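Asker: What follows is a structure written as structure tokens; I'll ask about it next.
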Amino acid sequence: MKSLEQQTDEELMILIKAFNHDAFSTLVTRHTDRFYALSYRTLFNQSDAEDIVQESFLKLWCKPELWKEKKNSKFTTWFYRIIVNACYDLNKKKSSREMSLEGDDFEQVAEMSDLSHHQLSTVEAALKNLPERQRMALNLCFYEELSNAEAADVMGIRLKALQSLIMRGKAALKTQFNISEVDDHE
Amino acid sequence: MNKSDEKLNQLLNGIQTVPSNPNLAQRIIIGAKAQPRVTTSAVSEETFIKQFLHSLIFPKPAYALACSMLVGVLLGWQNPEFNMNTIQVTSVDEDISSLFLAEVNFYE
């Protein structure tokens, strides 16, 4: 009989549905870093990224029936989707909060927000300035090394739409870093 | 991959993610233990119905056959020519008549 560490994610999910806390612990230990990294590169805030990962895993524990076992469906693809949507929701809340603040309140919150960020590097700042969906597409394909098909599935868009997002994201970054296509012909 | 893409990839690889707190996974695991969960016995009605229907795994031809038989039985039941009481009365009448005739023939 396989130990928990040898079980696949999908096998662990079956055990989690039967209230096996050890299976849940194994899954969390296995994937926390990966999903934290995605959240961080989306939000660029350590505590927000940790909150997203924690809330998503706790939601999984409380409602494991949300995971539907289907042929060829992977746990990681499904959970990526949950993390991505949670990040989008948090960004929406933050931007609507900022829009509703006025004058001094806005400055105060902005200051506090700056304190919680570490100093972003030029590259991070450039990524942060990208439109959300372009940034997410690059995150999934470049950093998480998902295939285009998987990344499109995670984002709930068509393959061509994803490829377009990646192309536009890369073009925007190249412009920011003054990397011109002329270099290709040298 | 062209040179501009390579340059861009080098830059993107230079990002250093701020690591999470080392106890993040532990916090999640401990937090889950404290969360109440609905036991499997408290199954929703919808889930129960789905599981029940799923247990009745019959192939479609079997359903078609069962429906045809049911329709046939219903039609036959409602058709007055095959009413059992009528048949019984008719057969009893015939029996009595034949007995009477037999009696008559015997005494003639």
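Following the order of the structure tokens, chains are lettered A, B, ..., residues in each are numbered from 1, and ligands are numbered from 1.
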Would you mind listing, for every residue of chain A within 7 Å of chain B, the two atoms forming the shortest contact and the distance between them in Å to one decimal, using only C-alpha atoms, sorted by chain and ascending residue number, as a Markdown table?
Answerer:
| residue | atom | partner | partner_atom | distance |
| --- | --- | --- | --- | --- |
| A:Ser25 | CA | B:Ile29 | CA | 5.7 |
| A:Val28 | CA | B:Ala25 | CA | 6.2 |
| A:Thr29 | CA | B:Ala25 | CA | 5.8 |
| A:Thr32 | CA | B:Ala25 | CA | 6.2 |
| A:Ala37 | CA | B:Thr17 | CA | 6.9 |
| A:Gln46 | CA | B:Ser20 | CA | 6.6 |
| A:Glu50 | CA | B:Ser20 | CA | 6.9 |
| A:Gln54 | CA | B:Ile28 | CA | 5.6 |
| A:Leu58 | CA | B:Ala32 | CA | 5.9 |
| A:Trp61 | CA | B:Ala32 | CA | 6.5 |
| A:Cys62 | CA | B:Arg37 | CA | 5.8 |
| A:Val123 | CA | B:Ile15 | CA | 6.8 |
| A:Glu124 | CA | B:Ile15 | CA | 6.7 |
| A:Lys174 | CA | B:Leu8 | CA | 6.7 |
| A:Ile179 | CA | B:Ser4 | CA | 6.2 |
| A:Ser180 | CA | B:Ser4 | CA | 6.6 |
| A:Glu181 | CA | B:Ser4 | CA | 6.1 |
| A:Asp183 | CA | B:Ser4 | CA | 6.2 |
| A:Asp184 | CA | B:Lys3 | CA | 5.0 |
Asker: Convert the current residue selection to file output with all heavy atoms, as a short mmCIF file (atom, residue, chain, number, x, y, z; two decimals), in the first residue's frame.
Answerer:
data_model
loop_
_atom_site.label_atom_id
_atom_site.label_comp_id
_atom_site.auth_asym_id
_atom_site.auth_seq_id
_atom_site.Cartn_x
_atom_site.Cartn_y
_atom_site.Cartn_z
N SER A 25 -2.69 17.43 4.89
CA SER A 25 -1.38 17.98 5.28
C SER A 25 -0.34 17.69 4.20
O SER A 25 0.49 18.55 3.88
CB SER A 25 -0.90 17.34 6.60
OG SER A 25 -1.87 17.53 7.59
N VAL A 28 -0.92 20.04 1.28
CA VAL A 28 -0.53 21.42 1.60
C VAL A 28 0.98 21.56 1.56
O VAL A 28 1.53 22.49 0.96
CB VAL A 28 -1.08 21.82 2.99
CG1 VAL A 28 -0.45 23.10 3.47
CG2 VAL A 28 -2.59 21.96 2.94
N THR A 29 1.66 20.61 2.19
CA THR A 29 3.14 20.66 2.24
C THR A 29 3.72 20.59 0.83
O THR A 29 4.70 21.24 0.51
CB THR A 29 3.67 19.48 3.10
OG1 THR A 29 2.97 19.46 4.32
CG2 THR A 29 5.15 19.63 3.35
N THR A 32 2.23 24.29 -1.20
CA THR A 32 2.13 25.65 -0.67
C THR A 32 3.07 26.62 -1.37
O THR A 32 2.67 27.72 -1.79
CB THR A 32 2.42 25.66 0.84
OG1 THR A 32 1.41 24.93 1.50
CG2 THR A 32 2.45 27.06 1.41
N ALA A 37 4.03 31.31 -4.66
CA ALA A 37 4.84 32.02 -5.66
C ALA A 37 3.94 32.66 -6.72
O ALA A 37 4.14 33.82 -7.12
CB ALA A 37 5.84 31.07 -6.32
N GLN A 46 3.54 40.14 0.16
CA GLN A 46 3.77 38.85 0.83
C GLN A 46 2.56 38.44 1.67
O GLN A 46 2.10 37.30 1.57
CB GLN A 46 5.01 38.93 1.71
CG GLN A 46 5.35 37.60 2.36
CD GLN A 46 6.27 37.77 3.56
OE1 GLN A 46 6.35 38.83 4.16
NE2 GLN A 46 6.96 36.71 3.91
N GLU A 50 0.10 35.20 1.08
CA GLU A 50 -0.06 34.13 2.09
C GLU A 50 -1.54 33.95 2.45
O GLU A 50 -2.01 32.82 2.59
CB GLU A 50 0.74 34.48 3.35
CG GLU A 50 2.24 34.35 3.16
CD GLU A 50 3.01 34.63 4.44
OE1 GLU A 50 2.40 34.91 5.48
OE2 GLU A 50 4.26 34.56 4.38
N GLN A 54 -3.69 30.53 2.07
CA GLN A 54 -4.30 29.95 3.27
C GLN A 54 -5.80 29.80 3.11
O GLN A 54 -6.37 28.73 3.36
CB GLN A 54 -3.98 30.83 4.47
CG GLN A 54 -4.53 30.29 5.78
CD GLN A 54 -3.92 30.93 7.00
OE1 GLN A 54 -2.95 31.68 6.90
NE2 GLN A 54 -4.47 30.65 8.15
N LEU A 58 -7.97 26.31 2.97
CA LEU A 58 -9.00 26.07 4.00
C LEU A 58 -10.38 25.86 3.36
O LEU A 58 -11.17 25.04 3.81
CB LEU A 58 -9.05 27.24 5.00
CG LEU A 58 -7.83 27.31 5.93
CD1 LEU A 58 -7.95 28.50 6.88
CD2 LEU A 58 -7.66 26.03 6.73
N TRP A 61 -10.45 22.37 2.26
CA TRP A 61 -10.66 21.44 3.36
C TRP A 61 -12.13 21.41 3.79
O TRP A 61 -12.69 20.37 4.06
CB TRP A 61 -9.77 21.83 4.55
CG TRP A 61 -10.05 21.07 5.81
CD1 TRP A 61 -10.59 21.55 6.96
CD2 TRP A 61 -9.83 19.67 6.04
NE1 TRP A 61 -10.71 20.56 7.89
CE2 TRP A 61 -10.25 19.39 7.35
CE3 TRP A 61 -9.31 18.63 5.28
CZ2 TRP A 61 -10.17 18.11 7.91
CZ3 TRP A 61 -9.23 17.36 5.84
CH2 TRP A 61 -9.66 17.12 7.14
N CYS A 62 -12.74 22.58 3.84
CA CYS A 62 -14.14 22.66 4.29
C CYS A 62 -15.11 22.15 3.22
O CYS A 62 -16.16 21.62 3.54
CB CYS A 62 -14.52 24.10 4.65
SG CYS A 62 -13.66 24.65 6.11
N VAL A 123 12.23 45.10 -12.72
CA VAL A 123 11.49 44.07 -13.46
C VAL A 123 10.14 43.81 -12.82
O VAL A 123 9.12 43.68 -13.51
CB VAL A 123 12.32 42.76 -13.53
CG1 VAL A 123 11.58 41.70 -14.30
CG2 VAL A 123 13.68 43.03 -14.16
N GLU A 124 10.15 43.73 -11.49
CA GLU A 124 8.88 43.50 -10.79
C GLU A 124 7.92 44.64 -11.03
O GLU A 124 6.72 44.43 -11.25
CB GLU A 124 9.13 43.34 -9.28
CG GLU A 124 9.73 41.99 -8.90
CD GLU A 124 10.06 41.90 -7.44
OE1 GLU A 124 10.33 42.95 -6.81
OE2 GLU A 124 10.07 40.78 -6.91
N LYS A 174 9.17 44.31 -23.43
CA LYS A 174 10.33 44.64 -24.28
C LYS A 174 10.41 46.15 -24.49
O LYS A 174 11.49 46.74 -24.48
CB LYS A 174 10.21 43.94 -25.64
CG LYS A 174 10.57 42.47 -25.59
CD LYS A 174 10.37 41.81 -26.96
CE LYS A 174 10.57 40.32 -26.88
NZ LYS A 174 10.30 39.66 -28.17
N ILE A 179 14.14 46.64 -25.26
CA ILE A 179 14.65 45.50 -26.03
C ILE A 179 13.94 45.56 -27.37
O ILE A 179 12.73 45.40 -27.44
CB ILE A 179 14.34 44.15 -25.36
CG1 ILE A 179 14.96 44.09 -23.98
CG2 ILE A 179 14.84 42.99 -26.21
CD1 ILE A 179 14.51 42.88 -23.17
N SER A 180 14.72 45.83 -28.42
CA SER A 180 14.05 46.01 -29.70
C SER A 180 14.21 44.76 -30.54
O SER A 180 15.12 43.95 -30.33
CB SER A 180 14.62 47.21 -30.44
OG SER A 180 15.93 46.91 -30.88
N GLU A 181 13.30 44.59 -31.51
CA GLU A 181 13.35 43.44 -32.41
C GLU A 181 14.56 43.54 -33.33
O GLU A 181 14.95 42.56 -33.94
CB GLU A 181 12.06 43.37 -33.26
CG GLU A 181 10.78 43.29 -32.42
CD GLU A 181 10.65 42.00 -31.64
OE1 GLU A 181 11.26 40.99 -32.03
OE2 GLU A 181 9.95 42.00 -30.61
N ASP A 183 17.50 43.75 -32.45
CA ASP A 183 18.53 42.86 -31.88
C ASP A 183 18.50 41.48 -32.53
O ASP A 183 19.51 40.80 -32.63
CB ASP A 183 18.31 42.66 -30.37
CG ASP A 183 18.50 43.96 -29.62
OD1 ASP A 183 19.11 44.88 -30.17
OD2 ASP A 183 18.04 44.05 -28.47
N ASP A 184 17.29 41.06 -32.98
CA ASP A 184 17.16 39.72 -33.55
C ASP A 184 17.90 39.60 -34.87
O ASP A 184 18.28 38.50 -35.29
CB ASP A 184 15.69 39.39 -33.80
CG ASP A 184 14.91 39.36 -32.50
OD1 ASP A 184 15.53 39.17 -31.45
OD2 ASP A 184 13.68 39.55 -32.55
#
Asker: Work out how far apart atom CA of A:Trp67 and atom CA of A:Tyr36 are and give it in Å to one decimal.
Answerer: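 These atoms are spaced 20.1 Å apart.
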Asker: Tell me which protein, DNA and RNA residues are within 12 Å of A:Leu27, counting only C-alpha atoms, leaving out same-chain ones fewer than 5 positions away, and put them as a PyMOL selection string.
Answerer: (chain A and resi 4-16+20-22+32-35+57-58+60-61+75-76+79) or (chain B and resi 25-26+28-29)
Asker: Taking N, CA and C atoms for each residue, export the selection above as a JSON list (two decimals), in the first residue's frame.
Answerer:
[["chain", "number", "residue", "atom", "x", "y", "z"],
["A", 4, "LEU", "N", 1.31, 8.09, 1.96],
["A", 4, "LEU", "CA", 0.65, 9.33, 1.51],
["A", 4, "LEU", "C", 1.55, 10.12, 0.57],
["A", 5, "GLU", "N", 2.84, 10.10, 0.86],
["A", 5, "GLU", "CA", 3.78, 10.87, 0.01],
["A", 5, "GLU", "C", 3.83, 10.32, -1.41],
["A", 6, "GLN", "N", 3.53, 9.03, -1.55],
["A", 6, "GLN", "CA", 3.60, 8.41, -2.88],
["A", 6, "GLN", "C", 2.30, 8.57, -3.67],
["A", 7, "GLN", "N", 1.26, 9.00, -2.98],
["A", 7, "GLN", "CA", -0.04, 9.12, -3.65],
["A", 7, "GLN", "C", -0.04, 10.36, -4.53],
["A", 8, "THR", "N", -0.80, 10.27, -5.61],
["A", 8, "THR", "CA", -0.93, 11.44, -6.49],
["A", 8, "THR", "C", -1.86, 12.45, -5.83],
["A", 9, "ASP", "N", -1.87, 13.65, -6.38],
["A", 9, "ASP", "CA", -2.76, 14.69, -5.83],
["A", 9, "ASP", "C", -4.21, 14.26, -5.88],
["A", 10, "GLU", "N", -4.58, 13.61, -6.98],
["A", 10, "GLU", "CA", -5.98, 13.21, -7.17],
["A", 10, "GLU", "C", -6.36, 12.12, -6.15],
["A", 11, "GLU", "N", -5.41, 11.23, -5.86],
["A", 11, "GLU", "CA", -5.68, 10.19, -4.85],
["A", 11, "GLU", "C", -5.80, 10.83, -3.47],
["A", 12, "LEU", "N", -4.98, 11.82, -3.20],
["A", 12, "LEU", "CA", -5.06, 12.51, -1.91],
["A", 12, "LEU", "C", -6.41, 13.22, -1.78],
["A", 13, "MET", "N", -6.91, 13.76, -2.86],
["A", 13, "MET", "CA", -8.19, 14.47, -2.82],
["A", 13, "MET", "C", -9.33, 13.52, -2.44],
["A", 14, "ILE", "N", -9.24, 12.28, -2.92],
["A", 14, "ILE", "CA", -10.27, 11.30, -2.56],
["A", 14, "ILE", "C", -10.23, 11.06, -1.05],
["A", 15, "LEU", "N", -9.01, 11.00, -0.50],
["A", 15, "LEU", "CA", -8.89, 10.79, 0.95],
["A", 15, "LEU", "C", -9.36, 12.02, 1.72],
["A", 16, "ILE", "N", -9.08, 13.20, 1.17],
["A", 16, "ILE", "CA", -9.50, 14.43, 1.85],
["A", 16, "ILE", "C", -11.02, 14.50, 1.91],
["A", 20, "ASN", "N", -9.65, 12.83, 5.67],
["A", 20, "ASN", "CA", -8.32, 12.40, 6.07],
["A", 20, "ASN", "C", -7.43, 13.64, 6.18],
["A", 21, "HIS", "N", -7.15, 14.06, 7.43],
["A", 21, "HIS", "CA", -6.38, 15.30, 7.63],
["A", 21, "HIS", "C", -4.93, 15.11, 7.24],
["A", 22, "ASP", "N", -4.42, 13.90, 7.40],
["A", 22, "ASP", "CA", -3.01, 13.64, 7.01],
["A", 22, "ASP", "C", -2.84, 13.81, 5.51],
["A", 32, "THR", "N", 2.23, 24.29, -1.20],
["A", 32, "THR", "CA", 2.13, 25.65, -0.67],
["A", 32, "THR", "C", 3.07, 26.62, -1.37],
["A", 33, "ASP", "N", 4.32, 26.22, -1.53],
["A", 33, "ASP", "CA", 5.31, 27.13, -2.12],
["A", 33, "ASP", "C", 4.94, 27.52, -3.54],
["A", 34, "ARG", "N", 4.50, 26.54, -4.29],
["A", 34, "ARG", "CA", 4.16, 26.80, -5.70],
["A", 34, "ARG", "C", 3.03, 27.82, -5.81],
["A", 35, "PHE", "N", 1.97, 27.61, -5.02],
["A", 35, "PHE", "CA", 0.83, 28.51, -5.15],
["A", 35, "PHE", "C", 1.11, 29.86, -4.51],
["A", 57, "PHE", "N", -6.73, 27.00, 0.57],
["A", 57, "PHE", "CA", -6.59, 25.63, 1.09],
["A", 57, "PHE", "C", -7.65, 25.33, 2.15],
["A", 58, "LEU", "N", -7.97, 26.31, 2.97],
["A", 58, "LEU", "CA", -9.00, 26.07, 4.00],
["A", 58, "LEU", "C", -10.38, 25.86, 3.36],
["A", 60, "LEU", "N", -10.76, 24.51, 0.48],
["A", 60, "LEU", "CA", -10.67, 23.15, -0.04],
["A", 60, "LEU", "C", -10.97, 22.14, 1.06],
["A", 61, "TRP", "N", -10.45, 22.37, 2.26],
["A", 61, "TRP", "CA", -10.66, 21.44, 3.36],
["A", 61, "TRP", "C", -12.13, 21.41, 3.79],
["A", 75, "PHE", "N", -5.53, 18.04, -10.40],
["A", 75, "PHE", "CA", -5.79, 18.85, -9.22],
["A", 75, "PHE", "C", -5.12, 20.21, -9.35],
["A", 76, "THR", "N", -3.86, 20.22, -9.80],
["A", 76, "THR", "CA", -3.10, 21.47, -9.84],
["A", 76, "THR", "C", -3.76, 22.47, -10.78],
["A", 79, "PHE", "N", -6.74, 23.87, -8.93],
["A", 79, "PHE", "CA", -6.39, 24.74, -7.80],
["A", 79, "PHE", "C", -5.76, 26.03, -8.27],
["B", 25, "ALA", "N", 2.77, 26.68, 5.68],
["B", 25, "ALA", "CA", 2.11, 25.38, 5.50],
["B", 25, "ALA", "C", 1.57, 24.87, 6.84],
["B", 26, "GLN", "N", 2.37, 25.02, 7.90],
["B", 26, "GLN", "CA", 1.92, 24.56, 9.22],
["B", 26, "GLN", "C", 0.68, 25.30, 9.69],
["B", 28, "ILE", "N", -1.60, 26.58, 7.86],
["B", 28, "ILE", "CA", -2.76, 26.11, 7.09],
["B", 28, "ILE", "C", -3.24, 24.77, 7.65],
["B", 29, "ILE", "N", -2.28, 23.89, 7.94],
["B", 29, "ILE", "CA", -2.63, 22.55, 8.43],
["B", 29, "ILE", "C", -3.31, 22.65, 9.79]]
Asker: Quick one: pick out all helix (DSSP H, G or I) residues within chain A from a backbone DSSP run and write them as a ChimeraX atom specification.
Answerer: /A:4-6,9-17,21-43,46-62,64-66,75-100,103-116,122-129,132-143,148-155,159-176,181-185
Asker: Using atom CA of A:Ala18 and atom CA of A:Pro64 as the two end points, give the distance in Å to one decimal.
Answerer: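 It comes out at 9.0 Å.
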Asker: In Å, rounded to a single decimal, give me how far atom CA of A:Ser121 is from atom CA of A:Cys87.
Answerer: 21.1 Å
Asker: Which residue, A:Glu150, A:Glu144, A:Glu55, A:Glu132, has the smallest gap to A:Ile82 when you use only C-alpha atoms?
Answerer: A:Glu55
Asker: Near A:Ala172, within 12 Å and counting only C-alpha atoms, which residues show up once chain neighbours fewer than 4 positions away are dropped, as a VMD selection string?
Answerer: (chain A and resid 126 to 131 134 to 135 138 165 to 168 176 to 180) or (chain B and resid 8)
Asker: A:Ala86, A:Tyr80, A:Ser56, A:Thr42: which is nearest A:Arg133, counting only C-alpha atoms?
Answerer: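 Of the candidates, the smallest distance to A:Arg133 is held by A:Thr42.
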